[in-house]
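Trainee: Starting off with a structure, shown below.
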Amino acid sequence: STQSTWGLLKMRLFRIGKHFSTCTKTALYAGTFDPPSAGHFDIVARALNVVDRLVIGVAVNQDKKPVFSVEKRKELLGKITLPYKNRVEIAKVEGLVTEYAKKNNIPMLIRGIRNHSDLDAEIIMAYTNRKISGIETLFLLASEEHVHVSSTIIRVLARHKKMLPGFVPKEIEKEVYDGLFQFYENNHKQSPEIYAFLNHFYLIQSEIYSLSLIHI
């Protein structure tokens with residue numbers, strides 16, 4: 001039930017708080033960031049109110065075909081996090097996120113939560129990651145103005161050469177949309193029926209479910 005879910009979450013947050021207060025305040029925020037969104041930046045900025053140092057891990061997922069290369073996504077993230085350059089590291093992450101964290105002595109994962117669907121999926125991932133590695137996950141709720149923002153929606157709108165203000169940070173907005181428009185113009189080879197189906201599919205899916213456990 002919803003009540004029991006939130007009860008478990010409160011218990012986990014209490015344990016995480018006790019654990020986190022005794023360890024080095026470094027955390028890993030991993031994702032595909034294809035492209036980086038205003039919601040991603042919101043989580044980064046607010047995570048830095050909690051931790052001293054944040055590693056942003058750009059995940060490599062062999063099951064997905066991202067629009068932007070890993071190096072380009074790292075470059076875009078670097079531009080929007082420039083004000084925090086002394087506290088942020090942007091790295092490529094291959095394989096299990098928890099393995100990367102353990103190898104680099106990072107005791108905590110950061111995850112953003114936009115809605116209840118995100119929460120249900122993220123709790124399962126957090127429990128699994130803790131079980132296999134002992135690494136805790138700290139959840140940050142999305143700000144009200146960003147609960148509807150996702151990289152998936154940004155890409156879907158770009159397929160039709162549409163954009164909504166506030167979905168992508170201003171520092172990279174033109175660069176991101178130019179890249180998306182060009183990508184879909186060059187790769188618009190599907191039949192109208194398949195193209196319409198894909199647009200509908202991407203609109204209704206939650207971005208969190210598109211991330212495998214390996215690349216959370």
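Letters A, B, ... mark the chains of the structure tokens in the order given; residue numbers begin at 1 per chain; ligand numbers begin at 1, in order shown.
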Would you give me, as a tab-separated table, each residue of segment 55-77 of chain A having an atom within 12 Å of an atom of segment 150-166 of chain A, along with its shortest atom pair and that distance in Å to one decimal, using only C-alpha atoms and sorting by chain and residue number?

Mentor:
residue	atom	partner	partner_atom	distance
A:Pro66	CA	A:Arg155	CA	10.2
A:Val67	CA	A:Arg155	CA	8.7
A:Phe68	CA	A:Arg155	CA	11.1

Trainee: Can you list every residue in segment 47-119 of chain A that DSSP puts in strand (DSSP E), as a compact mmCIF listing (two decimals) with C-alpha atoms, in the first residue's frame?

Mentor:
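Printed below is part.txt as written:
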# COMPACT_ATOMS: atom_id res chain seq x y z
CA ARG A 53 31.53 16.56 -4.03
CA LEU A 54 29.33 15.06 -6.75
CA VAL A 55 30.39 12.68 -9.48
CA ILE A 56 28.01 12.78 -12.46
CA GLY A 57 28.22 9.42 -14.17
CA VAL A 58 27.28 9.28 -17.84
CA ALA A 59 26.14 5.70 -18.27
CA VAL A 88 31.68 18.29 -9.70
CA GLU A 89 33.39 15.57 -11.69
CA ILE A 90 31.85 14.19 -14.88
CA ALA A 91 32.80 10.62 -15.69
CA LYS A 92 31.94 7.82 -18.09
CA VAL A 93 30.38 4.83 -16.32
CA MET A 108 26.27 7.13 -1.84
CA LEU A 109 24.09 7.24 -4.95
CA ILE A 110 21.83 10.18 -5.75
CA ARG A 111 18.51 9.66 -7.53
CA GLY A 112 15.79 12.13 -8.51
CA ILE A 113 12.13 11.29 -7.92

Trainee: Find the distance between atom CA of Glu173 of chain A and atom CA of Ala30 of chain A and write it in Å to one decimal.

Mentor: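 These two atoms are separated by 21.2 Å.
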
Trainee: Write out as a PyMOL selection string all residues of segment 31-60 of chain A that backbone DSSP assigns to helix (DSSP H, G or I).

Mentor: chain A and resi 38-47

Trainee: Looking at only C-alpha atoms, which of A:Ala45, A:Val147, A:Ala101, A:Val51 is the one that sits closest to Thr81 of chain A?

Mentor: A:Ala45

Trainee: Using only C-alpha atoms, which of A:Leu138, A:Leu119, A:Val70, A:Leu48 sits nearest Phe33 of chain A?

Mentor: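 Under the stated criterion, the closest residue is A:Val70.
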
Trainee: Tell me which of A:Ala142, A:Val168, A:Met125, A:Val149 sits closest to Val97 of chain A, counting only C-alpha atoms.

Mentor: A:Met125

Trainee: Compare A:Ile106, A:Leu28, A:Ile123, A:Ile172 by their minimum atom-to-atom distance to Ile43 of chain A, counting only C-alpha atoms, and give me the closest one.

Mentor: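 Closest residue, counting only C-alpha atoms: A:Leu28.
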
Trainee: Contacts of Ile135 of chain A at 7 Å or less, counting only C-alpha atoms, minus same-chain residues fewer than 5 places along, as a ChimeraX atom specification?

Mentor: /A:107-108,129-130

Trainee: Could the residues in this selection be written to a file with N, CA, C and O atoms, as a PDB file, in the first residue's frame?

Mentor:
ATOM      1  N   PRO A 107      30.433   6.468  -1.426  1.00  0.00           N
ATOM      2  CA  PRO A 107      29.542   5.715  -0.533  1.00  0.00           C
ATOM      3  C   PRO A 107      28.051   5.916  -0.771  1.00  0.00           C
ATOM      4  O   PRO A 107      27.225   5.304  -0.092  1.00  0.00           O
ATOM      5  N   MET A 108      27.681   6.776  -1.713  1.00  0.00           N
ATOM      6  CA  MET A 108      26.269   7.127  -1.837  1.00  0.00           C
ATOM      7  C   MET A 108      25.885   7.379  -3.289  1.00  0.00           C
ATOM      8  O   MET A 108      26.663   7.950  -4.059  1.00  0.00           O
ATOM      9  N   ASN A 129      20.689  -2.489  -5.113  1.00  0.00           N
ATOM     10  CA  ASN A 129      22.051  -1.962  -5.075  1.00  0.00           C
ATOM     11  C   ASN A 129      22.668  -2.077  -3.689  1.00  0.00           C
ATOM     12  O   ASN A 129      23.852  -2.387  -3.545  1.00  0.00           O
ATOM     13  N   ARG A 130      21.855  -1.846  -2.661  1.00  0.00           N
ATOM     14  CA  ARG A 130      22.377  -1.970  -1.296  1.00  0.00           C
ATOM     15  C   ARG A 130      22.719  -3.421  -0.980  1.00  0.00           C
ATOM     16  O   ARG A 130      23.716  -3.708  -0.311  1.00  0.00           O
TER      17      ARG A 130
END

Trainee: Measuring between only C-alpha atoms, which one of A:Ala27, A:Pro35, A:Ile124, A:Lys131 shows the shortest distance to Glu71 of chain A?

Mentor: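 For Glu71 of chain A, the nearest of the given residues is A:Pro35.
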